[in-house]
file query.cif (mmCIF, C-alpha atoms)
data_data
#
loop_
_atom_site.group_PDB
_atom_site.id
_atom_site.type_symbol
_atom_site.label_atom_id
_atom_site.label_comp_id
_atom_site.auth_asym_id
_atom_site.auth_seq_id
_atom_site.Cartn_x
_atom_site.Cartn_y
_atom_site.Cartn_z
ATOM 1 C CA MET A 800 24.036 -33.823 19.832
ATOM 2 C CA LYS A 801 21.763 -35.805 17.537
ATOM 3 C CA ASN A 802 21.461 -34.697 13.889
ATOM 4 C CA LEU A 803 17.963 -34.224 12.580
ATOM 5 C CA TYR A 804 16.956 -35.925 9.353
ATOM 6 C CA PHE A 805 16.374 -33.565 6.464
ATOM 7 C CA PRO A 806 15.283 -34.999 3.108
ATOM 8 C CA SER A 807 17.343 -34.417 -0.026
ATOM 9 C CA ILE A 808 14.211 -34.010 -2.162
ATOM 10 C CA ILE A 809 11.201 -31.895 -1.140
ATOM 11 C CA LYS A 810 7.927 -32.440 -3.005
ATOM 12 C CA VAL A 811 6.149 -29.129 -3.545
ATOM 13 C CA ALA A 812 2.499 -28.738 -4.542
ATOM 14 C CA MET A 813 1.881 -25.434 -6.227
ATOM 15 C CA VAL A 814 -0.471 -23.099 -8.009
ATOM 16 C CA GLN A 815 1.207 -21.264 -10.876
ATOM 17 C CA LEU A 816 0.731 -17.520 -10.384
ATOM 18 C CA LYS A 817 2.690 -14.992 -12.387
ATOM 19 C CA ASN A 818 5.060 -12.975 -10.156
ATOM 20 C CA VAL A 819 4.188 -15.175 -7.158
ATOM 21 C CA PHE A 820 5.240 -18.732 -8.004
ATOM 22 C CA THR A 821 6.075 -20.219 -11.382
ATOM 23 C CA ALA A 822 8.010 -23.376 -12.195
ATOM 24 C CA GLU A 823 9.270 -24.395 -15.604
ATOM 25 C CA LYS A 824 11.009 -27.699 -16.234
ATOM 26 C CA VAL A 825 14.174 -27.293 -18.328
ATOM 27 C CA ASN A 826 16.561 -30.232 -18.887
ATOM 28 C CA GLY A 827 15.037 -32.176 -16.005
ATOM 29 C CA LYS A 828 15.429 -29.316 -13.460
ATOM 30 C CA TYR A 829 12.839 -26.834 -12.359
ATOM 31 C CA ILE A 830 13.437 -23.114 -12.885
ATOM 32 C CA LEU A 831 11.580 -21.357 -10.084
ATOM 33 C CA ASP A 832 10.455 -17.755 -10.432
ATOM 34 C CA GLY A 833 8.215 -15.272 -8.678
ATOM 35 C CA VAL A 834 8.450 -14.093 -5.081
ATOM 36 C CA GLU A 835 7.717 -17.461 -3.499
ATOM 37 C CA GLY A 836 9.653 -19.324 -6.186
ATOM 38 C CA LYS A 837 12.793 -17.306 -5.460
ATOM 39 C CA MET A 838 12.305 -17.863 -1.735
ATOM 40 C CA LEU A 839 12.026 -21.645 -2.277
ATOM 41 C CA LYS A 840 15.093 -21.569 -4.551
ATOM 42 C CA CYS A 841 17.066 -19.768 -1.827
ATOM 43 C CA LEU A 842 15.930 -22.302 0.794
ATOM 44 C CA ALA A 843 16.909 -25.191 -1.510
ATOM 45 C CA GLU A 844 20.394 -23.740 -2.024
ATOM 46 C CA LYS A 845 20.996 -23.003 1.670
ATOM 47 C CA LEU A 846 19.522 -26.230 3.024
ATOM 48 C CA ASN A 847 20.918 -28.359 0.187
ATOM 49 C CA PHE A 848 17.794 -30.061 -1.142
ATOM 50 C CA GLN A 849 16.213 -30.516 -4.552
ATOM 51 C CA VAL A 850 12.670 -29.503 -5.446
ATOM 52 C CA LYS A 851 10.220 -31.884 -7.091
ATOM 53 C CA ILE A 852 7.064 -30.138 -8.292
ATOM 54 C CA VAL A 853 3.734 -31.934 -7.835
ATOM 55 C CA LEU A 854 0.992 -30.261 -9.825
ATOM 56 C CA SER A 855 -2.571 -30.316 -8.570
ATOM 57 C CA SER A 856 -5.220 -31.736 -10.871
ATOM 58 C CA ASP A 857 -6.935 -28.445 -11.745
ATOM 59 C CA GLY A 858 -4.475 -25.796 -10.545
ATOM 60 C CA GLN A 859 -6.607 -24.686 -7.591
ATOM 61 C CA TYR A 860 -5.827 -24.178 -3.902
ATOM 62 C CA GLY A 861 -8.230 -26.792 -2.627
ATOM 63 C CA SER A 862 -11.620 -27.265 -1.065
ATOM 64 C CA SER A 863 -12.987 -29.875 1.299
ATOM 65 C CA ASN A 864 -15.760 -32.340 0.661
ATOM 66 C CA SER A 865 -18.252 -33.901 3.048
ATOM 67 C CA LYS A 866 -15.698 -36.517 4.233
ATOM 68 C CA ARG A 867 -13.322 -33.703 5.376
ATOM 69 C CA THR A 868 -10.787 -34.587 2.704
ATOM 70 C CA TRP A 869 -9.343 -31.944 0.488
ATOM 71 C CA ASP A 870 -8.395 -31.730 -3.148
ATOM 72 C CA CYS A 871 -5.767 -29.735 -5.083
ATOM 73 C CA VAL A 872 -2.780 -28.202 -3.233
ATOM 74 C CA ILE A 873 -4.164 -28.590 0.298
ATOM 75 C CA GLY A 874 -5.232 -32.163 -0.522
ATOM 76 C CA LEU A 875 -1.771 -33.079 -1.826
ATOM 77 C CA VAL A 876 -0.149 -31.817 1.386
ATOM 78 C CA GLN A 877 -2.846 -33.436 3.575
ATOM 79 C CA SER A 878 -2.414 -36.837 1.879
ATOM 80 C CA GLY A 879 1.399 -36.701 2.046
ATOM 81 C CA LYS A 880 1.868 -36.640 -1.736
ATOM 82 C CA ALA A 881 3.546 -33.250 -1.256
ATOM 83 C CA ASP A 882 5.680 -31.932 1.595
ATOM 84 C CA MET A 883 4.892 -28.254 1.045
ATOM 85 C CA GLY A 884 2.314 -26.138 -0.748
ATOM 86 C CA PHE A 885 3.054 -22.841 -2.496
ATOM 87 C CA GLY A 886 1.208 -20.229 -4.486
ATOM 88 C CA ALA A 887 -0.097 -17.455 -2.231
ATOM 89 C CA LEU A 888 -2.030 -19.801 0.039
ATOM 90 C CA SER A 889 -4.175 -17.984 2.554
ATOM 91 C CA ILE A 890 -4.593 -19.278 6.087
ATOM 92 C CA SER A 891 -8.137 -20.232 7.019
ATOM 93 C CA GLU A 892 -9.617 -22.041 9.992
ATOM 94 C CA ASP A 893 -10.689 -25.027 7.859
ATOM 95 C CA ARG A 894 -7.231 -25.377 6.308
ATOM 96 C CA LEU A 895 -5.527 -25.086 9.711
ATOM 97 C CA GLU A 896 -7.365 -28.232 10.819
ATOM 98 C CA VAL A 897 -5.663 -30.364 8.151
ATOM 99 C CA VAL A 898 -2.282 -28.755 7.377
ATOM 100 C CA ASP A 899 0.310 -26.688 9.232
ATOM 101 C CA PHE A 900 1.186 -23.225 7.973
ATOM 102 C CA SER A 901 4.442 -21.331 8.305
ATOM 103 C CA ILE A 902 4.556 -17.962 9.953
ATOM 104 C CA SER A 903 3.060 -15.423 7.569
ATOM 105 C CA TYR A 904 5.804 -13.835 5.480
ATOM 106 C CA SER A 905 3.737 -11.282 3.606
ATOM 107 C CA VAL A 906 1.094 -8.822 4.674
ATOM 108 C CA PRO A 907 -1.584 -8.031 2.097
ATOM 109 C CA GLN A 908 -2.299 -4.350 1.802
ATOM 110 C CA LYS A 909 -5.447 -2.807 0.457
ATOM 111 C CA SER A 910 -4.851 -0.341 -2.318
ATOM 112 C CA PHE A 911 -6.584 1.128 -5.301
ATOM 113 C CA ASP A 912 -5.572 2.383 -8.680
ATOM 114 C CA THR A 913 -6.746 5.327 -10.671
ATOM 115 C CA LYS A 914 -5.992 6.603 -14.118
ATOM 116 C CA GLU A 915 -3.280 9.230 -14.165
ATOM 117 C CA SER A 916 -4.658 12.596 -15.161
ATOM 118 C CA ASN A 917 -3.373 14.226 -18.298
ATOM 119 C CA GLN A 918 -2.835 17.646 -16.752
ATOM 120 C CA MET A 919 -1.710 18.845 -13.393
ATOM 121 C CA PRO A 920 -3.961 21.468 -11.775
ATOM 122 C CA LYS A 921 -2.960 25.020 -12.486
ATOM 123 C CA ILE A 922 -1.187 27.027 -9.835
ATOM 124 C CA SER A 923 -4.350 29.094 -9.484
ATOM 125 C CA ALA A 924 -6.454 26.048 -8.556
ATOM 126 C CA PHE A 925 -7.059 27.467 -5.063
ATOM 127 C CA THR A 926 -9.313 30.099 -6.683
ATOM 128 C CA TYR A 927 -11.727 27.516 -8.150
ATOM 129 C CA PRO A 928 -14.122 27.285 -5.163
ATOM 130 C CA PHE A 929 -15.254 30.925 -5.480
ATOM 131 C CA THR A 930 -16.486 33.016 -8.395
ATOM 132 C CA LEU A 931 -14.609 36.028 -9.734
ATOM 133 C CA ASN A 932 -17.123 38.408 -8.075
ATOM 134 C CA VAL A 933 -16.451 36.884 -4.651
ATOM 135 C CA TRP A 934 -12.679 37.281 -5.077
ATOM 136 C CA ILE A 935 -13.056 40.914 -6.171
ATOM 137 C CA LEU A 936 -15.250 41.640 -3.143
ATOM 138 C CA TYR A 937 -12.717 39.894 -0.877
ATOM 139 C CA ALA A 938 -9.824 41.988 -2.258
ATOM 140 C CA PHE A 939 -11.902 45.164 -1.871
ATOM 141 C CA MET A 940 -12.660 44.294 1.775
ATOM 142 C CA ILE A 941 -8.961 43.800 2.484
ATOM 143 C CA LEU A 942 -8.161 47.224 1.039
ATOM 144 C CA VAL A 943 -10.972 48.918 3.006
ATOM 145 C CA ALA A 944 -9.833 47.181 6.220
ATOM 146 C CA THR A 945 -6.270 48.344 5.548
ATOM 147 C CA VAL A 946 -7.343 52.004 5.229
ATOM 148 C CA LEU A 947 -9.635 51.801 8.295
ATOM 149 C CA PHE A 948 -7.018 50.115 10.478
ATOM 150 C CA GLN A 949 -4.370 52.578 9.330
ATOM 151 C CA ARG A 950 -6.596 55.517 10.342
ATOM 152 C CA ILE A 951 -7.792 54.008 13.640
ATOM 153 C CA MET A 952 -5.149 51.617 14.987
ATOM 154 C CA PHE A 953 -1.899 52.084 13.092
ATOM 155 C CA ARG A 954 -1.672 55.885 12.959
ATOM 156 C CA ASN A 955 2.129 55.893 12.938
ATOM 157 C CA ALA A 956 2.426 53.058 10.388
ATOM 158 C CA THR A 957 2.652 53.418 6.645
ATOM 159 C CA LEU A 958 -0.136 52.233 4.383
ATOM 160 C CA LEU A 959 2.060 49.295 3.294
ATOM 161 C CA GLY A 960 2.734 48.362 6.935
ATOM 162 C CA SER A 961 -1.008 48.467 7.670
ATOM 163 C CA PHE A 962 -1.725 46.327 4.587
ATOM 164 C CA LEU A 963 0.828 43.704 5.678
ATOM 165 C CA SER A 964 -0.656 43.635 9.197
ATOM 166 C CA VAL A 965 -4.178 43.109 7.821
ATOM 167 C CA LEU A 966 -2.933 40.443 5.396
ATOM 168 C CA GLY A 967 -1.071 38.722 8.228
ATOM 169 C CA SER A 968 -4.194 38.829 10.368
ATOM 170 C CA ILE A 969 -6.144 37.080 7.626
ATOM 171 C CA SER A 970 -3.522 34.312 7.521
ATOM 172 C CA SER A 971 -3.755 33.841 11.321
ATOM 173 C CA GLN A 972 -0.777 35.987 12.237
ATOM 174 C CA ALA A 973 -1.278 38.224 15.258
ATOM 175 C CA MET A 974 -1.296 41.976 14.731
ATOM 176 C CA ASN A 975 1.627 43.851 16.265
ATOM 177 C CA ASN A 976 1.617 47.267 17.881
ATOM 178 C CA VAL A 977 -2.097 47.290 18.666
ATOM 179 C CA ARG A 978 -2.821 49.960 21.248
ATOM 180 C CA ASP A 979 -5.915 50.690 23.232
ATOM 181 C CA THR A 980 -7.998 52.724 20.822
ATOM 182 C CA PRO A 981 -11.581 53.804 20.705
#

call {"tool": "encode", "arguments": {"input": "query.cif", "output": "C-alpha cells"}}
result
Amino acid sequence: MKNLYFPSIIKVAMVQLKNVFTAEKVNGKYILDGVEGKMLKCLAEKLNFQVKIVLSSDGQYGSSNSKRTWDCVIGLVQSGKADMGFGALSISEDRLEVVDFSISYSVPQKSFDTKESNQMPKISAFTYPFTLNVWILYAFMILVATVLFQRIMFRNATLLGSFLSVLGSISSQAMNNVRDTP
C-alpha cells in the first residue's frame, strides 16, 4: 500500500473572530483559540503537523474582482499562498468555483434575545384578560347552575357533589349520573 504525502507544515489563512478563531504568536508558536482554532489544534496534534498562520491584508473573507481573482482569505487559498482558510467562512456559489470546502461542521441557528423581565407574572395572571365584574358574574353563574342542576338532574346528590359536577363540566369533564329528565 502506497503512503500518501502529508505536509509537516500547513499554511492557514484566517480571519480573527473572538470565540471562533484567534491566533496569537508566543515564542515563535501560535496559540490557537476559539471553536475553529481548537479544532485546528486538535487536527494538528492528531495528524502531526505544524500551523503557519498567513494573515490576509485587511482581515476580510474575500471578494472577487472583474478578472475572477479573489482577495483576502479566499484569494490566499486560491493563489496557493495558504493551504486552508478559517474564520467562519460561509459557502457560496462564487466561492465554490475557486476553492474547495469541507463538509459543513456547524449549522447556524436563528435566534433572538430579549431583556429578562424584572418580575415574574403573579400566580393570578390568568385573571388579567377579564375585568372583576366579568369574574363575579361568571362565579355567580356557576353557583346558579349548581343549584339548578341539583334540583333538576342530581336530585340524590349533595350540593357539593352538584357543584363539583358543574365545575368539572366547565373544565371539559363529562357529567356522571345524568338521567333522562324533563

call {"tool": "residues_near_point", "arguments": {"input": "query.cif", "point": "(-2.8, -28.6, -3.2)", "cutoff": "10 Å", "atoms": "all atoms listed in the file", "output": "VMD selection string"}}
result
chain A and resid 811 to 814 853 to 862 869 to 878 880 to 881 883 to 886 888

call {"tool": "write_last_selection", "arguments": {"input": "query.cif", "atoms": "C-alpha atoms", "output": "short mmCIF file (atom, residue, chain, number, x, y, z; two decimals), in the coordinates of the input"}}
result
data_model
loop_
_atom_site.label_atom_id
_atom_site.label_comp_id
_atom_site.auth_asym_id
_atom_site.auth_seq_id
_atom_site.Cartn_x
_atom_site.Cartn_y
_atom_site.Cartn_z
CA VAL A 811 6.15 -29.13 -3.54
CA ALA A 812 2.50 -28.74 -4.54
CA MET A 813 1.88 -25.43 -6.23
CA VAL A 814 -0.47 -23.10 -8.01
CA VAL A 853 3.73 -31.93 -7.84
CA LEU A 854 0.99 -30.26 -9.82
CA SER A 855 -2.57 -30.32 -8.57
CA SER A 856 -5.22 -31.74 -10.87
CA ASP A 857 -6.94 -28.44 -11.74
CA GLY A 858 -4.47 -25.80 -10.54
CA GLN A 859 -6.61 -24.69 -7.59
CA TYR A 860 -5.83 -24.18 -3.90
CA GLY A 861 -8.23 -26.79 -2.63
CA SER A 862 -11.62 -27.26 -1.06
CA TRP A 869 -9.34 -31.94 0.49
CA ASP A 870 -8.40 -31.73 -3.15
CA CYS A 871 -5.77 -29.74 -5.08
CA VAL A 872 -2.78 -28.20 -3.23
CA ILE A 873 -4.16 -28.59 0.30
CA GLY A 874 -5.23 -32.16 -0.52
CA LEU A 875 -1.77 -33.08 -1.83
CA VAL A 876 -0.15 -31.82 1.39
CA GLN A 877 -2.85 -33.44 3.58
CA SER A 878 -2.41 -36.84 1.88
CA LYS A 880 1.87 -36.64 -1.74
CA ALA A 881 3.55 -33.25 -1.26
CA MET A 883 4.89 -28.25 1.04
CA GLY A 884 2.31 -26.14 -0.75
CA PHE A 885 3.05 -22.84 -2.50
CA GLY A 886 1.21 -20.23 -4.49
CA LEU A 888 -2.03 -19.80 0.04
#

call {"tool": "resolve_selection", "arguments": {"input": "query.cif", "expression": "the PyMOL selection byres ((chain A and resi 819) around 12)", "output": "number ranges by chain"}}
result
A: 813-818, 820-822, 831-839, 885-888, 905

call {"tool": "atom_distance", "arguments": {"input": "query.cif", "atom1": "CA of Leu803 (chain A)", "atom2": "CA of Phe900 (chain A)"}}
result
20.6 Å

call {"tool": "closest_residue", "arguments": {"input": "query.cif", "among": "A:Asn802, A:Ser891, A:Thr945, A:Gln972", "to": "Leu958 (chain A)", "atoms": "only C-alpha atoms"}}
result
A:Thr945

call {"tool": "atom_distance", "arguments": {"input": "query.cif", "atom1": "CA of Trp934 (chain A)", "atom2": "CA of Leu959 (chain A)"}}
result
20.8 Å

call {"tool": "resolve_selection", "arguments": {"input": "query.cif", "expression": "the PyMOL selection byres ((chain A and resi 940-942) around 12)", "output": "VMD selection string"}}
result
chain A and resid 933 to 939 943 to 949 958 to 959 961 to 969

call {"tool": "atom_distance", "arguments": {"input": "query.cif", "atom1": "CA of Ser971 (chain A)", "atom2": "CA of Phe953 (chain A)"}}
result
18.4 Å

call {"tool": "axis_aligned_box", "arguments": {"input": "query.cif", "around": "region 918-928 of chain A", "padding_each_side": "4 Å", "output": "JSON"}}
result
{"center_x": -7.7, "center_y": 23.9, "center_z": -10.9, "size_x": 20.9, "size_y": 20.5, "size_z": 19.7}

call {"tool": "closest_residue", "arguments": {"input": "query.cif", "among": "A:Tyr829, A:Ile852, A:Arg954, A:Lys824", "to": "Ile809 (chain A)", "atoms": "all atoms listed in the file"}}
result
A:Ile852

call {"tool": "decode", "arguments": {"input": "query.cif", "residues": "region 907-954 of chain A", "atoms": "C-alpha atoms", "output": "short mmCIF file (atom, residue, chain, number, x, y, z; two decimals), in the first residue's frame"}}
result
data_model
loop_
_atom_site.label_atom_id
_atom_site.label_comp_id
_atom_site.auth_asym_id
_atom_site.auth_seq_id
_atom_site.Cartn_x
_atom_site.Cartn_y
_atom_site.Cartn_z
CA PRO A 907 -26.30 28.27 12.05
CA GLN A 908 -29.49 28.66 14.00
CA LYS A 909 -31.71 31.69 14.03
CA SER A 910 -32.41 33.02 17.47
CA PHE A 911 -33.31 36.22 19.20
CA ASP A 912 -32.62 37.80 22.52
CA THR A 913 -34.81 39.78 24.82
CA LYS A 914 -34.23 41.59 28.06
CA GLU A 915 -35.06 39.49 31.09
CA SER A 916 -38.05 40.87 32.93
CA ASN A 917 -37.62 42.06 36.47
CA GLN A 918 -40.68 40.29 37.84
CA MET A 919 -42.34 37.01 37.12
CA PRO A 920 -46.10 37.22 36.47
CA LYS A 921 -48.23 36.71 39.52
CA ILE A 922 -49.98 33.42 40.06
CA SER A 923 -53.25 35.20 39.35
CA ALA A 924 -52.12 36.28 35.87
CA PHE A 925 -54.82 34.11 34.27
CA THR A 926 -57.41 36.61 35.58
CA TYR A 927 -55.92 39.56 33.65
CA PRO A 928 -57.95 39.14 30.41
CA PHE A 929 -61.29 39.84 32.13
CA THR A 930 -62.49 42.59 34.46
CA LEU A 931 -63.55 41.96 38.05
CA ASN A 932 -67.24 42.34 37.09
CA VAL A 933 -66.95 39.58 34.49
CA TRP A 934 -65.35 37.20 37.01
CA ILE A 935 -68.05 37.93 39.60
CA LEU A 936 -70.77 37.26 37.02
CA TYR A 937 -69.00 34.03 35.99
CA ALA A 938 -68.83 32.80 39.61
CA PHE A 939 -72.50 33.70 40.12
CA MET A 940 -73.48 31.73 37.00
CA ILE A 941 -71.61 28.68 38.28
CA LEU A 942 -73.46 28.84 41.59
CA VAL A 943 -76.86 29.27 39.88
CA ALA A 944 -76.10 26.35 37.54
CA THR A 945 -75.12 24.23 40.54
CA VAL A 946 -78.45 24.89 42.31
CA LEU A 947 -80.48 24.34 39.10
CA PHE A 948 -78.69 21.10 38.20
CA GLN A 949 -79.02 19.85 41.77
CA ARG A 950 -82.79 20.44 41.69
CA ILE A 951 -83.34 19.07 38.16
CA MET A 952 -80.67 16.47 37.37
CA PHE A 953 -78.83 15.50 40.54
CA ARG A 954 -81.74 15.10 42.97
#
